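Reviewing the structure listed below.
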Amino acid sequence: MHLTPQQQAIVDHNLGPALVFAVAGAGKTTAMVQRIARLVREGVFRPEQILATSFNRAANEEITARLKAHPGGDRVQVRTLHALGYLIVRGAHRRKLLPHVRLDLLRDGAEGAERQLLYKALAEARQRRVPYVDELNRLDPEDFLSYVGACKGNLHYADLKGAQLPEAAQAVAQQARPPAGLAWYLDLYRLYEQVRRQEGLLGFDDMLMTGWEILVRHEVVLAELRAQIQCVLVDEYQDINLAQAEILDLLTSPQRNYMAIGDDDQTIYEWRGASPRFILGFEERYSAQVYYMTDNFRCKASHVALANRVIEHNQVRRPKRLGLTQGFDGGTYLHVEANAEQMGRHIADEIAGALGVGYRHDQIAILVRIYAQTPPVEQFLIARNIPYQVVGSEPFYERTEVRVLLDYCHVAEAERLLEAGASLSDEQAQAFQRAWRAIYNQPTRYLSRALADKIGDFVVRSQLPLTRALAAAQGQIGERQAKALGRLADDLRWLASALAARRLAEATLRQLDERLQYRAYLKGSSGFPETGAAKAASITALLDYAARKGTIPQFLQHLEALATAHQQMITDPNQPTVTITTMFRAKGLEWPIVFVPHCNQGAIPYERMASLEEERRLLYVAITRSRHILHLHTLRGQPITQFLEEASAASTLEWVAAIQRALASEPGSWRTDEMVGLAVLSQRLGLSEYFRTWWDAPPQQKQRIARLALRILQSIDKHELGQQVRMLPGDDQLWRELAG
């Protein structure tokens with residue numbers, strides 16, 4: 001296999017610590033596999049002694065498949081870091097160091113255990129009548145489990161003192177703290193851990209925390225693991241958290257046959273414990289040999305130039321540039337749309353056009369910062385009969401926070417019918433019961449499920465309005481709950497009258513949101529500021545989407561029609577679909593055509609995020625997902641994202657286009673911008689290595705263009721125009737090499 005000099009240097013690394021900065025699309029898996037194959041082939045390590053690890057099963061499956069092509073490669077240990085934690089736990093259990101853990105319930109990827117544990121902890125909390133019991137009715141299970149996962153990944157203990165860690169370990173672990181405004185999260189975390197220990201269970205994130213704890217407590221387990229694994233390669237090192245970093249530190253000591261491979265510019269999971277400090281501090285911590293893989297084998301010139309101009313504004317990073325290898329075809333297009341609806345229509349039209357010229361659905365992706373940005377895009381994909389899948393979420397009309405607001409309308413419709421003396425049919429009664437269960441504690445009213453069921457059953461049985469049932473219930477509960485029911489009754493009367501008056505959906509839903517303070521509730525009810533803000537943004541998107549779509553009944557019918565049409569498009573599970581997903585989930589993936597909507601300030605960087613540099617990395621990741629065509633969409637009347645503004649995106653793309661035109665035409669016909677672009681700015685844009693190494697033009701053509709570029713530089717210098725075109729010393733070196 002032909003390797004670049006950068007890849008070959010990594011393959012040739014023998015012993016000791018090494019750090020590889022590998023940019024997006026650099027072929028790091030190839031270098032990683034080839035190095036392992038060489039180490040086995042030359043007998044440096046037995047295959048069983050080598051651990052290759054990455055963060056997801058798909059990446060590990062690729063490594064495994066490639067290793068099978070090499071002698072002994074099928075005996076190399078390829079595991080996720082969570083699976084490494086499981087290996088540690090299993091070894092400790094075999095030595096009877098975890099007597100209370102039920103090993104039969106452990107498995108690699110035991111994500112389901114956390115939810116079962118949470119349900120048991122909630123039942124225990126209610127039985128104990130803990131001080132925060134009323135808060136449990138508004139708990140978002142995913143949000144709380146994300147908090148627990150982040151705590152465990154960062155070695156933040158629910159009860160650090162009670163853990164009685166060895167002294168050295170106490171310098172690493174910390175006492176967990178609750179999220180702002182949710183002090184009871186820490187109390188529930190403590191109870192959750194008590195229940196977990198009583199049940200003898202370990203969840204997915206316990207593989208890391210417990211795995212680390214075993215190694216710091218039991219030297220015999222650590223020694224056994226070190227004997228099994230004597231060479232470690234870690235892919236995507238920028239994504240590790242504290243627990244993973246410390247497990248790897250213990251495992252690789254003292255020999256430090258330890259290679260970390262990653263890209264600090266793609267550290268986008270700080271909110272769940274990753275930090276660029278781990279990869280940026282690796283060289284100093286281990287006195288590591290540093291290598292670079294800067295050749296990008298995915299993107300075209302416009303993507304490479306723009307990505308470099310975006311990311312260079314980050315301060316916490318190792319300076320480096322993507323190197324172009326894939327040439328100047330393809331393109332990046334910056335679109336300014338009149339509004340979100342026009343943007344959705346334009347994206348759907350572009351996708352239809354791409355499908356018309358032979359692209360497959362699964363070769364196209366739409367990358368959003370948050371899922372709230374999808375409604376206008378989804379609408380026009382459905383209208384165009386283009387199958388799509390929202391990866392990591394539901395279509396916008398099925399998201400929980402959206403359904404709750406719409407369920408208020410369903411409950412109010414039942415209220416309107418009953419107030420008018422009508423009766424609910426069996427189907428209407430079932431719809432009412434479902435909607436009532438969804439809204440009774442959204443926002444929080446501290447009502448028990450038992451009371452809510454009693455109220456709902458009374459309405460269906462008596463065929464009396466819900467507001468009367470609420471009034472009757474007020475005398476049976478505490479003052480705070482009674483006031484909440486009174487406000488709910490007022491809101492439902494108002495909404496029922498709005499339905500009767502056939503008010504427009506947009507105005508009605510906006511006023512309903514204001515009366516409920518629903519978006520404010522969503523923002524404040526999450527342990528992660530971004531999670532709550534993203535849910536609130538979904539409501540904002542729904543309110544905007546409701547414009548010009550008639551009354552509430554008409555709007556609900558419209559959404560039902562969308563759902564039906566979408567379901568009809570995706571009946572075949574093997575049918576390829578257009579991908580809609582977030583920038584977070586897109587990392588590690590690539591598509592020929594990529595769309596990035598809402599490239600505006602407030603969307604990217606997202607208004608609620610504290611880390612501006614992580615937000616810039618997100619856009620960098622999005623830009624580098626495309627293999628051929630990249631569409632960036634902005635909305636007129638809103639500031640363009642500062643990341644594109646800083647990168648001078650429009651002029652950067654214009655200069656790349658000028659170079660592209662120059663290479664596609666005869667030098668005698670070049671315009672001034674094409675001359676300057678090729679001779680000077682190709683180096684400013686980080687594209688010069690392409691001409692030195694990857695340009696496949698005939699030698700005579702290279703020589704002719706290089707000599708012309710030298711004449712252009714001489715003319716610029718002669719007429720003292722160097723400052724105007726940003727000439728620097730050494731700008732002529734590339735062209736002198738090529739001119740011969």
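How things are named: the first chain in the structure tokens is A, the next is B, and so on; residues count from 1 in each chain; ligands count from 1 in the order shown.
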When you look at Tyr119 in chain A with a cut-off of 12 Å (counting only C-alpha atoms), what residues show up, excluding the ones that are within fewer than 4 positions of it in the same chain? I need them as JSON, numbers by chain.
{"A": [112, 113, 114, 115, 123, 124, 125, 126, 136, 139, 140, 141, 142, 144, 145, 188, 191, 192, 195, 196]}
For Leu516 in chain A, list every protein, DNA or RNA residue within 8 Å, evaluated using only C-alpha atoms, and leave out those in the same chain fewer than 4 positions away; present the list as number ranges by chain.
A: 443, 491, 512
Could you state the separation of CA of Val232 in chain A and CA of Tyr258 in chain A in Å, given to one decimal place?
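For CA of Val232 in chain A relative to CA of Tyr258 in chain A, the distance reads 4.9 Å.
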Hey, what's within 7 Å of Ala496 in chain A if we count only C-alpha atoms and toss same-chain stuff fewer than 5 positions away? As a ChimeraX atom specification, please?
/A:412-413,415-416
Which residues, written as a ChimeraX atom specification, have at least one atom at most 8 Å from range 398-402 of chain A, with only C-alpha atoms counted and residues fewer than 2 positions away on the same chain left out?
/A:393-396,404-406,535,538-539,542
DSSP-assigned alpha helix (DSSP H) members of range 66-137 of chain A, reported as a ChimeraX atom specification
/A:66-67,81-94,111-128
Quick one: distance from CA of Gln557 in chain A to CA of His410 in chain A in Å, one decimal?
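Value for the CA of Gln557 in chain A-CA of His410 in chain A distance: 12.0 Å.
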Find the spatial neighbours of Glu674 in chain A, counting only C-alpha atoms, within a cut-off of 6 Å - ignore same-chain residues fewer than 6 positions away - and output them as a ChimeraX atom specification.
/A:658-659,662
Report, in Å with one decimal, the straight-line distance from CA of Ile10 in chain A to CA of Met32 in chain A.
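These atoms are spaced 7.8 Å apart.
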Using only C-alpha atoms, which residues of range 576-598 of chain A come within 8 Å of range 603-624 of chain A, and what is the closest atom pair for each, with the distance in Å to one decimal? Give it as a tab-separated table, sorted by chain and residue number.
```
residue	atom	partner	partner_atom	distance
A:Met583	CA	A:Ala622	CA	5.8
A:Phe584	CA	A:Leu618	CA	7.1
A:Ala586	CA	A:Ala622	CA	7.3
A:Lys587	CA	A:Val621	CA	6.4
A:Glu590	CA	A:Thr624	CA	8.0
A:Val596	CA	A:Ala622	CA	7.4
A:His598	CA	A:Ala603	CA	6.3
```
Those same residues, written as a PDB file, in the first residue's frame with N, CA and C atoms?
```pdb
ATOM      1  N   MET A 583     -24.504  18.567  13.711  1.00  0.00           N
ATOM      2  CA  MET A 583     -23.068  18.640  13.478  1.00  0.00           C
ATOM      3  C   MET A 583     -22.326  17.702  14.423  1.00  0.00           C
ATOM      4  N   PHE A 584     -22.825  17.552  15.648  1.00  0.00           N
ATOM      5  CA  PHE A 584     -22.197  16.638  16.601  1.00  0.00           C
ATOM      6  C   PHE A 584     -22.175  15.217  16.053  1.00  0.00           C
ATOM      7  N   ALA A 586     -22.428  14.202  13.107  1.00  0.00           N
ATOM      8  CA  ALA A 586     -21.818  14.055  11.782  1.00  0.00           C
ATOM      9  C   ALA A 586     -20.326  13.768  11.850  1.00  0.00           C
ATOM     10  N   LYS A 587     -19.708  14.005  13.010  1.00  0.00           N
ATOM     11  CA  LYS A 587     -18.256  13.823  13.097  1.00  0.00           C
ATOM     12  C   LYS A 587     -17.889  12.380  12.786  1.00  0.00           C
ATOM     13  N   GLU A 590     -19.012  11.271   6.286  1.00  0.00           N
ATOM     14  CA  GLU A 590     -18.813  12.114   5.105  1.00  0.00           C
ATOM     15  C   GLU A 590     -19.887  11.798   4.077  1.00  0.00           C
ATOM     16  N   VAL A 596     -25.680  22.981   5.056  1.00  0.00           N
ATOM     17  CA  VAL A 596     -25.633  23.510   6.417  1.00  0.00           C
ATOM     18  C   VAL A 596     -26.558  24.726   6.477  1.00  0.00           C
ATOM     19  N   HIS A 598     -28.985  27.776   8.286  1.00  0.00           N
ATOM     20  CA  HIS A 598     -28.928  28.687   9.444  1.00  0.00           C
ATOM     21  C   HIS A 598     -27.492  29.033   9.851  1.00  0.00           C
TER      22      HIS A 598
END
```
DSSP strand (DSSP E or B) residues within range 114-258 of chain A, listed as a PyMOL selection string
chain A and resi 156-157+174-175+231-234+258
Include N, CA, C and O atoms and write out the residues we just selected as a CSV table (one decimal), in the first residue's frame.
```
chain,number,residue,atom,x,y,z
A,156,HIS,N,-16.7,12.4,39.0
A,156,HIS,CA,-17.4,13.2,40.0
A,156,HIS,C,-18.3,12.3,40.8
A,156,HIS,O,-19.3,11.9,40.2
A,157,TYR,N,-18.0,12.0,42.0
A,157,TYR,CA,-18.7,11.1,42.8
A,157,TYR,C,-19.9,11.7,43.5
A,157,TYR,O,-19.9,12.9,43.9
A,174,GLN,N,-13.5,14.0,42.2
A,174,GLN,CA,-14.0,15.2,42.8
A,174,GLN,C,-15.4,14.9,43.3
A,174,GLN,O,-16.1,13.9,42.8
A,175,GLN,N,-15.9,15.7,44.2
A,175,GLN,CA,-17.3,15.6,44.6
A,175,GLN,C,-18.2,16.2,43.5
A,175,GLN,O,-17.9,17.4,43.1
A,231,CYS,N,1.0,-2.6,24.3
A,231,CYS,CA,1.0,-1.6,23.3
A,231,CYS,C,-0.4,-1.1,23.1
A,231,CYS,O,-1.3,-1.9,22.9
A,232,VAL,N,-0.6,0.2,23.2
A,232,VAL,CA,-1.9,0.8,23.1
A,232,VAL,C,-1.9,1.9,22.0
A,232,VAL,O,-1.1,2.8,22.0
A,233,LEU,N,-2.9,1.9,21.2
A,233,LEU,CA,-3.2,2.9,20.2
A,233,LEU,C,-4.6,3.4,20.4
A,233,LEU,O,-5.6,2.6,20.4
A,234,VAL,N,-4.8,4.7,20.6
A,234,VAL,CA,-6.1,5.3,20.9
A,234,VAL,C,-6.5,6.2,19.7
A,234,VAL,O,-5.8,7.2,19.5
A,258,TYR,N,2.5,3.9,23.9
A,258,TYR,CA,1.2,4.5,23.9
A,258,TYR,C,1.1,5.6,22.8
A,258,TYR,O,1.9,6.6,22.8
```
Within 9 Å of Val89 in chain A, counting only C-alpha atoms, which residues qualify if same-chain residues fewer than 2 places away don't, as a PDB file with N, CA, C and O atoms, in the first residue's frame?
```
ATOM      1  N   LEU A  84     -13.081  -1.787  27.320  1.00  0.00           N
ATOM      2  CA  LEU A  84     -11.881  -1.954  28.145  1.00  0.00           C
ATOM      3  C   LEU A  84     -12.260  -1.888  29.623  1.00  0.00           C
ATOM      4  O   LEU A  84     -11.767  -2.685  30.435  1.00  0.00           O
ATOM      5  N   GLY A  85     -13.144  -0.953  29.975  1.00  0.00           N
ATOM      6  CA  GLY A  85     -13.625  -0.888  31.353  1.00  0.00           C
ATOM      7  C   GLY A  85     -14.311  -2.178  31.768  1.00  0.00           C
ATOM      8  O   GLY A  85     -14.121  -2.671  32.895  1.00  0.00           O
ATOM      9  N   TYR A  86     -15.098  -2.746  30.864  1.00  0.00           N
ATOM     10  CA  TYR A  86     -15.769  -4.016  31.158  1.00  0.00           C
ATOM     11  C   TYR A  86     -14.757  -5.135  31.381  1.00  0.00           C
ATOM     12  O   TYR A  86     -14.930  -5.983  32.275  1.00  0.00           O
ATOM     13  N   LEU A  87     -13.678  -5.131  30.593  1.00  0.00           N
ATOM     14  CA  LEU A  87     -12.623  -6.126  30.774  1.00  0.00           C
ATOM     15  C   LEU A  87     -12.025  -6.030  32.175  1.00  0.00           C
ATOM     16  O   LEU A  87     -11.769  -7.050  32.830  1.00  0.00           O
ATOM     17  N   GLY A  91     -12.331  -8.863  35.159  1.00  0.00           N
ATOM     18  CA  GLY A  91     -11.161  -9.406  35.840  1.00  0.00           C
ATOM     19  C   GLY A  91     -11.266  -9.273  37.349  1.00  0.00           C
ATOM     20  O   GLY A  91     -10.905 -10.193  38.102  1.00  0.00           O
ATOM     21  N   ALA A  92     -11.782  -8.131  37.802  1.00  0.00           N
ATOM     22  CA  ALA A  92     -11.948  -7.927  39.244  1.00  0.00           C
ATOM     23  C   ALA A  92     -12.997  -8.876  39.808  1.00  0.00           C
ATOM     24  O   ALA A  92     -12.851  -9.413  40.924  1.00  0.00           O
ATOM     25  N   HIS A  93     -14.056  -9.102  39.057  1.00  0.00           N
ATOM     26  CA  HIS A  93     -15.117  -9.996  39.519  1.00  0.00           C
ATOM     27  C   HIS A  93     -14.597 -11.428  39.626  1.00  0.00           C
ATOM     28  O   HIS A  93     -14.944 -12.160  40.579  1.00  0.00           O
ATOM     29  N   ARG A  94     -13.773 -11.803  38.675  1.00  0.00           N
ATOM     30  CA  ARG A  94     -13.208 -13.153  38.720  1.00  0.00           C
ATOM     31  C   ARG A  94     -12.359 -13.355  39.969  1.00  0.00           C
ATOM     32  O   ARG A  94     -12.293 -14.457  40.529  1.00  0.00           O
ATOM     33  N   LEU A  98     -15.385  -7.820  43.487  1.00  0.00           N
ATOM     34  CA  LEU A  98     -16.676  -7.135  43.357  1.00  0.00           C
ATOM     35  C   LEU A  98     -17.775  -8.139  43.715  1.00  0.00           C
ATOM     36  O   LEU A  98     -18.597  -8.516  42.877  1.00  0.00           O
ATOM     37  N   LEU A 103     -22.551 -10.099  37.745  1.00  0.00           N
ATOM     38  CA  LEU A 103     -21.845 -10.129  36.476  1.00  0.00           C
ATOM     39  C   LEU A 103     -22.736 -10.612  35.340  1.00  0.00           C
ATOM     40  O   LEU A 103     -22.545 -10.229  34.182  1.00  0.00           O
ATOM     41  N   MET A 207     -18.732   1.365  33.677  1.00  0.00           N
ATOM     42  CA  MET A 207     -17.581   0.653  33.135  1.00  0.00           C
ATOM     43  C   MET A 207     -16.320   1.505  33.250  1.00  0.00           C
ATOM     44  O   MET A 207     -15.221   0.983  33.458  1.00  0.00           O
ATOM     45  N   THR A 210     -16.032   2.707  37.556  1.00  0.00           N
ATOM     46  CA  THR A 210     -15.687   1.533  38.356  1.00  0.00           C
ATOM     47  C   THR A 210     -14.398   0.896  37.853  1.00  0.00           C
ATOM     48  O   THR A 210     -13.581   0.417  38.646  1.00  0.00           O
ATOM     49  N   GLY A 211     -14.207   0.891  36.538  1.00  0.00           N
ATOM     50  CA  GLY A 211     -12.973   0.356  35.988  1.00  0.00           C
ATOM     51  C   GLY A 211     -11.753   1.102  36.512  1.00  0.00           C
ATOM     52  O   GLY A 211     -10.756   0.494  36.930  1.00  0.00           O
ATOM     53  N   ILE A 214     -11.220   0.330  40.264  1.00  0.00           N
ATOM     54  CA  ILE A 214     -10.590  -0.978  40.483  1.00  0.00           C
ATOM     55  C   ILE A 214      -9.076  -0.875  40.313  1.00  0.00           C
ATOM     56  O   ILE A 214      -8.301  -1.405  41.118  1.00  0.00           O
TER      57      ILE A 214
END
```
Might you pull out every residue within 10 Å of Gly637 in chain A, with only C-alpha atoms counted and same-chain residues fewer than 3 positions away left off, and present them as a PDB file with N, CA and C atoms, in the first residue's frame?
```pdb
ATOM      1  N   VAL A 336     -27.883  33.274   0.432  1.00  0.00           N
ATOM      2  CA  VAL A 336     -28.607  34.186   1.312  1.00  0.00           C
ATOM      3  C   VAL A 336     -30.092  34.035   0.998  1.00  0.00           C
ATOM      4  N   GLU A 337     -30.861  33.584   2.000  1.00  0.00           N
ATOM      5  CA  GLU A 337     -32.276  33.283   1.786  1.00  0.00           C
ATOM      6  C   GLU A 337     -33.162  34.363   2.403  1.00  0.00           C
ATOM      7  N   ALA A 338     -34.311  34.591   1.781  1.00  0.00           N
ATOM      8  CA  ALA A 338     -35.231  35.623   2.275  1.00  0.00           C
ATOM      9  C   ALA A 338     -35.766  35.273   3.660  1.00  0.00           C
ATOM     10  N   ASN A 339     -36.039  33.993   3.905  1.00  0.00           N
ATOM     11  CA  ASN A 339     -36.577  33.542   5.185  1.00  0.00           C
ATOM     12  C   ASN A 339     -36.367  32.033   5.293  1.00  0.00           C
ATOM     13  N   ASN A 600     -26.118  31.564  10.711  1.00  0.00           N
ATOM     14  CA  ASN A 600     -26.299  32.916  11.238  1.00  0.00           C
ATOM     15  C   ASN A 600     -25.858  32.982  12.689  1.00  0.00           C
ATOM     16  N   THR A 634     -27.661  31.128   4.744  1.00  0.00           N
ATOM     17  CA  THR A 634     -27.875  32.152   5.761  1.00  0.00           C
ATOM     18  C   THR A 634     -29.205  32.848   5.484  1.00  0.00           C
ATOM     19  N   ILE A 640     -24.683  37.206   9.605  1.00  0.00           N
ATOM     20  CA  ILE A 640     -24.035  35.945   9.273  1.00  0.00           C
ATOM     21  C   ILE A 640     -23.179  35.518  10.460  1.00  0.00           C
TER      22      ILE A 640
END
```
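Minimum atom-to-atom distances from A:Asn137, A:Thr267, A:Gln228, A:Gln660 to Arg449 in chain A were compared using only C-alpha atoms, and the lowest value belongs to A:Asn137.
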